[in-house]
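Notes follow the structure.
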Amino acid sequence: MVYLPDGNPGPGRIGDVDIEVVRCGPAELVLPEASVQDVRGGQLFNNRALAFDPAGGGGPLAGAEADRQARAFGLVNTAFHLQRALRYFAGLLQRPLPHLVVRIGMHDQPRRWGGGHYRLPGRAMALESKPVVPDGEIHLGGGARFLTPAKGTQYFHAPAHNAAIIYHEVGHHLCRHTADFRLNKLRPPREQTNKKIALDEGTADVFTAVLLGTPDIYGWHRRTIAERDQRRRKLDGHWTMAYFRGGNDGDPHADGTLWASACWTSRERVAAFGADPVRFDALLVRGLELLGDATPLTRTHEALHSRRDFSRLLAAMAHADTQLAPTVLAAMAEHGIRPNASNTELTEAARRRAVDQAHR
């Protein structure tokens, strides 16, 4: 049993699913595409059906059995959504991504952690208790704080119960092994960088929306944040390059919302055009691959800086599907994104346009 996306804010609906499992350990599932382990250990599984009670997320206020059920449910839920996302990406790529390692219950000391991140081995890895595999890992905390998924109920925020977090982190795995925005393939395997740019965060967010079937991807655990607040990261059509910050002061998650929103609008236009929206997903993935194929011979500041520009990925996407390109370019332009311009130029143009519209 897992949570299945239903397009509404909340964890989804409980449903029975099939998962292809190679091996099942006491607190681990090994899939053909990924390995998922609860690093807190213990005997989580006590039935072959892998059907457990989500138990409101478990947590320190739940009893021992309820917490075990919640942890077991989270491991199975994570495995299902991992397999679903990785197989979807493999279909678009026509090849599998490298085997992905997922560790649940990471970084819970000295206090519980309710987040998730994608990690590559590098110098700034003081938090990690064991070496990170070179192909990348997803780390999910054991849970923190309380959510309110429905009136009158409380839910301990266990990231392993939240498909949005899982899908987002798998999106980073896709970006690392296609576009490789930070040119990690030019770095020693144990000296990669974990710094993310807006394109990386935004691409992960739009594929989260695709797999969840809703642009309000974080509507469950950010439901107290207004939908028009950029921190909500809802892929709303009003986000344009006028909101882009960039630089050291910018948040790549917030800036990534602009790219993700433009992609979501483009995907909807492709569907309105009469095409299967999966064609947009394939176009985006092919654009990521083309960007990765254009890796320079050496890692320079100029090469890294140019890979931040939205226009560069957009140009690669337009090249990937010339039939859909006019529809996608027109939709992107509504968000202030066009080819052959830096992020700075796009931002300045969008802000001038906003000022002109305000004075009309």
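Naming works like this for the structure tokens: A, B, ... for the chains as they're shown, residue 1 at the start of each chain, ligands 1 onward in shown order.
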
Query - His157 of chain A surroundings by only C-alpha atoms, 12 Å radius, close-in-sequence under 5 positions cut, as a ChimeraX atom specification - result: /A:10-11,54-60,70-71,74,112-116,140-149,162-163,165,220-222

Requested in this report: Would you kindly return, as an MDAnalysis selection string, each protein, DNA or RNA residue with an atom no farther than 12 Å from any atom of segment 225-233 of chain A, considering only C-alpha atoms and excluding same-chain residues fewer than 4 positions away?
Outcome: chainID A and resid 9 164 201:202 204:206 208:209 214:221 237:240 243:245 251:261

Any chance you could export the current selection's N, CA and C atoms as a compact mmCIF listing (two decimals), in the first residue's frame?
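To be explicit, this is the file written out as result33.txt:
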```txt
# COMPACT_ATOMS: atom_id res chain seq x y z
N PRO A 9 -4.20 18.79 -2.71
CA PRO A 9 -3.23 18.96 -1.62
C PRO A 9 -3.41 17.86 -0.58
N ALA A 164 5.96 14.37 -3.37
CA ALA A 164 6.54 15.57 -3.97
C ALA A 164 8.03 15.66 -3.69
N GLU A 201 16.76 23.12 -10.11
CA GLU A 201 15.62 23.11 -9.19
C GLU A 201 14.30 23.19 -9.97
N GLY A 202 14.25 24.03 -10.97
CA GLY A 202 13.01 24.20 -11.73
C GLY A 202 12.64 22.97 -12.53
N ALA A 204 13.47 19.90 -11.79
CA ALA A 204 13.00 18.92 -10.81
C ALA A 204 11.56 19.21 -10.40
N ASP A 205 11.22 20.49 -10.26
CA ASP A 205 9.86 20.86 -9.85
C ASP A 205 8.84 20.56 -10.95
N VAL A 206 9.17 20.84 -12.21
CA VAL A 206 8.16 20.62 -13.25
C VAL A 206 7.92 19.12 -13.45
N THR A 208 8.10 17.00 -11.05
CA THR A 208 7.27 16.67 -9.89
C THR A 208 5.81 16.96 -10.19
N ALA A 209 5.54 18.09 -10.82
CA ALA A 209 4.17 18.44 -11.20
C ALA A 209 3.60 17.44 -12.20
N THR A 214 -0.44 17.86 -10.79
CA THR A 214 -0.91 19.15 -10.28
C THR A 214 0.24 20.14 -10.25
N PRO A 215 -0.04 21.43 -10.56
CA PRO A 215 1.03 22.43 -10.45
C PRO A 215 1.28 22.88 -9.01
N ASP A 216 0.38 22.54 -8.10
CA ASP A 216 0.55 22.92 -6.69
C ASP A 216 1.29 21.80 -5.98
N ILE A 217 2.55 21.62 -6.37
CA ILE A 217 3.29 20.43 -5.98
C ILE A 217 3.55 20.32 -4.49
N TYR A 218 3.68 21.46 -3.81
CA TYR A 218 3.96 21.42 -2.37
C TYR A 218 2.76 21.89 -1.57
N GLY A 219 1.57 21.71 -2.14
CA GLY A 219 0.36 22.17 -1.49
C GLY A 219 0.06 21.48 -0.17
N TRP A 220 0.66 20.31 0.05
CA TRP A 220 0.41 19.61 1.31
C TRP A 220 1.22 20.24 2.44
N HIS A 221 2.55 20.21 2.34
CA HIS A 221 3.33 20.67 3.48
C HIS A 221 3.62 22.16 3.44
N GLY A 237 0.96 30.67 -13.67
CA GLY A 237 1.32 31.37 -14.89
C GLY A 237 1.81 32.78 -14.71
N HIS A 238 1.61 33.38 -13.54
CA HIS A 238 2.01 34.79 -13.38
C HIS A 238 3.50 34.94 -13.06
N TRP A 239 4.23 33.84 -12.80
CA TRP A 239 5.65 33.94 -12.51
C TRP A 239 6.43 34.20 -13.80
N THR A 240 7.08 35.32 -13.86
CA THR A 240 7.88 35.69 -15.02
C THR A 240 9.29 36.04 -14.59
N TYR A 243 10.57 38.35 -11.67
CA TYR A 243 10.77 37.92 -10.28
C TYR A 243 12.12 37.26 -10.07
N PHE A 244 12.91 37.14 -11.12
CA PHE A 244 14.20 36.44 -11.01
C PHE A 244 15.19 37.27 -10.20
N ARG A 245 15.95 36.62 -9.33
CA ARG A 245 16.94 37.31 -8.51
C ARG A 245 18.36 36.93 -8.93
N ASP A 251 17.69 32.66 -4.41
CA ASP A 251 17.41 31.29 -3.99
C ASP A 251 17.13 30.47 -5.25
N PRO A 252 17.94 29.47 -5.57
CA PRO A 252 17.70 28.71 -6.81
C PRO A 252 16.35 28.00 -6.82
N HIS A 253 15.80 27.69 -5.63
CA HIS A 253 14.47 27.08 -5.59
C HIS A 253 13.42 28.09 -6.06
N ALA A 254 13.49 29.31 -5.54
CA ALA A 254 12.53 30.35 -5.94
C ALA A 254 12.71 30.73 -7.39
N ASP A 255 13.97 30.95 -7.81
CA ASP A 255 14.23 31.27 -9.21
C ASP A 255 13.83 30.12 -10.12
N GLY A 256 13.99 28.90 -9.63
CA GLY A 256 13.60 27.74 -10.41
C GLY A 256 12.10 27.66 -10.65
N THR A 257 11.32 28.26 -9.76
CA THR A 257 9.87 28.29 -9.95
C THR A 257 9.49 28.99 -11.24
N LEU A 258 10.29 30.00 -11.63
CA LEU A 258 10.00 30.73 -12.87
C LEU A 258 10.15 29.80 -14.07
N TRP A 259 11.24 29.03 -14.09
CA TRP A 259 11.47 28.07 -15.17
C TRP A 259 10.40 26.97 -15.16
N ALA A 260 10.11 26.43 -13.98
CA ALA A 260 9.12 25.37 -13.87
C ALA A 260 7.74 25.85 -14.31
N SER A 261 7.37 27.08 -13.94
CA SER A 261 6.07 27.62 -14.34
C SER A 261 5.99 27.78 -15.85
```

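Counting only C-alpha atoms and comparing A:Leu92, A:Ala49, A:Ala158, A:Met241, the residue that lies closest to Val278 of chain A is A:Leu92.
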
I'd like to know which residues of segment 44-267 of chain A are alpha helix (DSSP H) (by DSSP, run on the backbone); could you write them as a short mmCIF file (atom, residue, chain, number, x, y, z; two decimals) with N, CA and C atoms, in the first residue's frame?
```
data_model
loop_
_atom_site.label_atom_id
_atom_site.label_comp_id
_atom_site.auth_asym_id
_atom_site.auth_seq_id
_atom_site.Cartn_x
_atom_site.Cartn_y
_atom_site.Cartn_z
N ALA A 64 5.36 2.76 19.75
CA ALA A 64 6.43 2.06 19.05
C ALA A 64 5.91 1.31 17.83
N GLU A 65 4.77 0.63 17.95
CA GLU A 65 4.24 -0.12 16.82
C GLU A 65 3.74 0.81 15.72
N ALA A 66 3.10 1.91 16.11
CA ALA A 66 2.63 2.87 15.10
C ALA A 66 3.81 3.49 14.36
N ASP A 67 4.88 3.78 15.08
CA ASP A 67 6.05 4.35 14.43
C ASP A 67 6.70 3.34 13.48
N ARG A 68 6.73 2.06 13.88
CA ARG A 68 7.28 1.04 12.99
C ARG A 68 6.44 0.91 11.72
N GLN A 69 5.12 0.92 11.88
CA GLN A 69 4.23 0.85 10.73
C GLN A 69 4.47 2.05 9.80
N ALA A 70 4.60 3.24 10.39
CA ALA A 70 4.81 4.44 9.59
C ALA A 70 6.14 4.39 8.84
N ARG A 71 7.18 3.90 9.51
CA ARG A 71 8.49 3.80 8.86
C ARG A 71 8.46 2.77 7.74
N ALA A 72 7.81 1.62 7.97
CA ALA A 72 7.70 0.59 6.94
C ALA A 72 6.90 1.12 5.76
N PHE A 73 5.79 1.81 6.06
CA PHE A 73 4.98 2.39 4.99
C PHE A 73 5.82 3.39 4.18
N GLY A 74 6.60 4.24 4.87
CA GLY A 74 7.40 5.23 4.18
C GLY A 74 8.44 4.60 3.27
N LEU A 75 9.04 3.51 3.69
CA LEU A 75 10.05 2.84 2.86
C LEU A 75 9.40 2.28 1.59
N VAL A 76 8.25 1.65 1.74
CA VAL A 76 7.55 1.09 0.58
C VAL A 76 7.04 2.21 -0.32
N ASN A 77 6.51 3.27 0.28
CA ASN A 77 6.01 4.41 -0.49
C ASN A 77 7.14 5.05 -1.31
N THR A 78 8.30 5.21 -0.68
CA THR A 78 9.45 5.77 -1.38
C THR A 78 9.86 4.87 -2.54
N ALA A 79 9.91 3.56 -2.30
CA ALA A 79 10.31 2.62 -3.34
C ALA A 79 9.38 2.69 -4.54
N PHE A 80 8.08 2.76 -4.29
CA PHE A 80 7.12 2.83 -5.40
C PHE A 80 7.33 4.08 -6.24
N HIS A 81 7.40 5.24 -5.57
CA HIS A 81 7.51 6.49 -6.32
C HIS A 81 8.86 6.61 -7.01
N LEU A 82 9.91 6.07 -6.41
CA LEU A 82 11.20 6.01 -7.08
C LEU A 82 11.11 5.21 -8.37
N GLN A 83 10.56 4.01 -8.26
CA GLN A 83 10.47 3.14 -9.43
C GLN A 83 9.61 3.78 -10.51
N ARG A 84 8.51 4.40 -10.11
CA ARG A 84 7.64 5.05 -11.09
C ARG A 84 8.37 6.17 -11.82
N ALA A 85 9.07 7.04 -11.07
CA ALA A 85 9.76 8.16 -11.69
C ALA A 85 10.93 7.69 -12.56
N LEU A 86 11.73 6.77 -12.04
CA LEU A 86 12.90 6.31 -12.79
C LEU A 86 12.49 5.58 -14.06
N ARG A 87 11.41 4.85 -14.03
CA ARG A 87 10.94 4.16 -15.24
C ARG A 87 10.34 5.15 -16.24
N TYR A 88 9.71 6.20 -15.72
CA TYR A 88 9.19 7.23 -16.63
C TYR A 88 10.35 7.92 -17.34
N PHE A 89 11.37 8.29 -16.61
CA PHE A 89 12.52 8.94 -17.21
C PHE A 89 13.25 8.00 -18.17
N ALA A 90 13.36 6.73 -17.81
CA ALA A 90 14.02 5.77 -18.69
C ALA A 90 13.28 5.65 -20.01
N GLY A 91 11.94 5.71 -19.95
CA GLY A 91 11.15 5.66 -21.18
C GLY A 91 11.40 6.87 -22.06
N LEU A 92 11.52 8.04 -21.45
CA LEU A 92 11.78 9.26 -22.22
C LEU A 92 13.19 9.26 -22.78
N LEU A 93 14.14 8.76 -22.01
CA LEU A 93 15.55 8.75 -22.42
C LEU A 93 15.88 7.59 -23.35
N ALA A 163 5.27 12.22 -1.72
CA ALA A 163 5.72 11.94 -3.09
C ALA A 163 6.38 13.15 -3.74
N ALA A 164 5.96 14.37 -3.37
CA ALA A 164 6.54 15.57 -3.97
C ALA A 164 8.03 15.66 -3.69
N ILE A 165 8.43 15.39 -2.46
CA ILE A 165 9.85 15.44 -2.11
C ILE A 165 10.62 14.36 -2.86
N ILE A 166 10.06 13.17 -2.92
CA ILE A 166 10.73 12.05 -3.59
C ILE A 166 10.92 12.36 -5.07
N TYR A 167 9.86 12.81 -5.74
CA TYR A 167 9.95 13.10 -7.17
C TYR A 167 10.95 14.23 -7.45
N HIS A 168 10.93 15.25 -6.61
CA HIS A 168 11.85 16.37 -6.81
C HIS A 168 13.30 15.90 -6.75
N GLU A 169 13.63 15.08 -5.78
CA GLU A 169 15.01 14.63 -5.65
C GLU A 169 15.41 13.70 -6.79
N VAL A 170 14.49 12.87 -7.27
CA VAL A 170 14.79 12.06 -8.45
C VAL A 170 15.03 12.95 -9.66
N GLY A 171 14.34 14.08 -9.71
CA GLY A 171 14.57 15.04 -10.80
C GLY A 171 16.01 15.54 -10.83
N HIS A 172 16.62 15.70 -9.66
CA HIS A 172 18.03 16.10 -9.61
C HIS A 172 18.93 15.00 -10.17
N HIS A 173 18.56 13.76 -9.93
CA HIS A 173 19.33 12.63 -10.48
C HIS A 173 19.27 12.67 -12.01
N LEU A 174 18.10 12.96 -12.54
CA LEU A 174 17.95 13.10 -13.99
C LEU A 174 18.85 14.22 -14.52
N CYS A 175 18.82 15.37 -13.88
CA CYS A 175 19.62 16.51 -14.34
C CYS A 175 21.12 16.20 -14.26
N ARG A 176 21.55 15.55 -13.19
CA ARG A 176 22.98 15.24 -13.04
C ARG A 176 23.47 14.36 -14.17
N ALA A 198 19.18 27.36 -10.68
CA ALA A 198 17.73 27.49 -10.85
C ALA A 198 17.18 26.49 -11.87
N LEU A 199 17.91 26.25 -12.95
CA LEU A 199 17.44 25.30 -13.96
C LEU A 199 17.31 23.90 -13.38
N ASP A 200 18.23 23.53 -12.51
CA ASP A 200 18.19 22.22 -11.87
C ASP A 200 16.96 22.11 -10.96
N GLU A 201 16.76 23.12 -10.11
CA GLU A 201 15.62 23.11 -9.19
C GLU A 201 14.30 23.19 -9.97
N GLY A 202 14.25 24.03 -10.97
CA GLY A 202 13.01 24.20 -11.73
C GLY A 202 12.64 22.97 -12.53
N THR A 203 13.63 22.34 -13.14
CA THR A 203 13.36 21.12 -13.90
C THR A 203 12.87 20.01 -12.98
N ALA A 204 13.47 19.90 -11.79
CA ALA A 204 13.00 18.92 -10.81
C ALA A 204 11.56 19.21 -10.40
N ASP A 205 11.22 20.49 -10.26
CA ASP A 205 9.86 20.86 -9.85
C ASP A 205 8.84 20.56 -10.95
N VAL A 206 9.17 20.84 -12.21
CA VAL A 206 8.16 20.62 -13.25
C VAL A 206 7.92 19.12 -13.45
N PHE A 207 8.94 18.29 -13.31
CA PHE A 207 8.69 16.86 -13.42
C PHE A 207 7.93 16.35 -12.19
N THR A 208 8.10 17.00 -11.05
CA THR A 208 7.27 16.67 -9.89
C THR A 208 5.81 16.96 -10.19
N ALA A 209 5.54 18.09 -10.82
CA ALA A 209 4.17 18.44 -11.20
C ALA A 209 3.60 17.44 -12.20
N VAL A 210 4.41 17.01 -13.15
CA VAL A 210 3.96 16.04 -14.15
C VAL A 210 3.56 14.74 -13.47
N LEU A 211 4.41 14.25 -12.57
CA LEU A 211 4.15 12.96 -11.93
C LEU A 211 3.03 13.02 -10.90
N LEU A 212 2.84 14.20 -10.29
CA LEU A 212 1.75 14.37 -9.33
C LEU A 212 0.44 14.73 -10.02
N PRO A 252 17.94 29.47 -5.57
CA PRO A 252 17.70 28.71 -6.81
C PRO A 252 16.35 28.00 -6.82
N HIS A 253 15.80 27.69 -5.63
CA HIS A 253 14.47 27.08 -5.59
C HIS A 253 13.42 28.09 -6.06
N ALA A 254 13.49 29.31 -5.54
CA ALA A 254 12.53 30.35 -5.94
C ALA A 254 12.71 30.73 -7.39
N ASP A 255 13.97 30.95 -7.81
CA ASP A 255 14.23 31.27 -9.21
C ASP A 255 13.83 30.12 -10.12
N GLY A 256 13.99 28.90 -9.63
CA GLY A 256 13.60 27.74 -10.41
C GLY A 256 12.10 27.66 -10.65
N THR A 257 11.32 28.26 -9.76
CA THR A 257 9.87 28.29 -9.95
C THR A 257 9.49 28.99 -11.24
N LEU A 258 10.29 30.00 -11.63
CA LEU A 258 10.00 30.73 -12.87
C LEU A 258 10.15 29.80 -14.07
N TRP A 259 11.24 29.03 -14.09
CA TRP A 259 11.47 28.07 -15.17
C TRP A 259 10.40 26.97 -15.16
N ALA A 260 10.11 26.43 -13.98
CA ALA A 260 9.12 25.37 -13.87
C ALA A 260 7.74 25.85 -14.31
N SER A 261 7.37 27.08 -13.94
CA SER A 261 6.07 27.62 -14.34
C SER A 261 5.99 27.78 -15.85
N ALA A 262 7.07 28.25 -16.45
CA ALA A 262 7.09 28.41 -17.91
C ALA A 262 6.99 27.04 -18.59
N CYS A 263 7.64 26.05 -18.04
CA CYS A 263 7.55 24.70 -18.59
C CYS A 263 6.13 24.15 -18.45
N TRP A 264 5.51 24.39 -17.30
CA TRP A 264 4.14 23.89 -17.09
C TRP A 264 3.17 24.56 -18.07
N THR A 265 3.31 25.87 -18.26
CA THR A 265 2.48 26.56 -19.25
C THR A 265 2.70 25.96 -20.64
N SER A 266 3.97 25.72 -20.98
CA SER A 266 4.29 25.15 -22.29
C SER A 266 3.66 23.77 -22.46
N ARG A 267 3.71 22.98 -21.42
CA ARG A 267 3.13 21.63 -21.49
C ARG A 267 1.62 21.69 -21.70
#
```

Check which residues of segment 121-212 of chain A sit at most 12 Å from segment 17-35 of chain A using only C-alpha atoms, and return one row each with the closest pair of atoms and their distance in Å to one decimal, ordered by chain and rising number, as a Markdown table.
```
| residue | atom | partner | partner_atom | distance |
| --- | --- | --- | --- | --- |
| A:Val133 | CA | A:Ser35 | CA | 11.9 |
| A:Asp135 | CA | A:Ala34 | CA | 11.4 |
| A:Gly136 | CA | A:Ala34 | CA | 11.0 |
| A:Glu137 | CA | A:Ser35 | CA | 9.7 |
| A:Ile138 | CA | A:Ser35 | CA | 10.2 |
| A:His139 | CA | A:Ser35 | CA | 11.9 |
| A:Val170 | CA | A:Ala34 | CA | 10.7 |
| A:His173 | CA | A:Ala34 | CA | 11.6 |
```

**Report entry** All strand (DSSP E) residues (DSSP, backbone) inside segment 35-250 of chain A, as a ChimeraX atom specification
**Finding:** /A:35-38,100-104,116-119,137-140,146-147,155-156
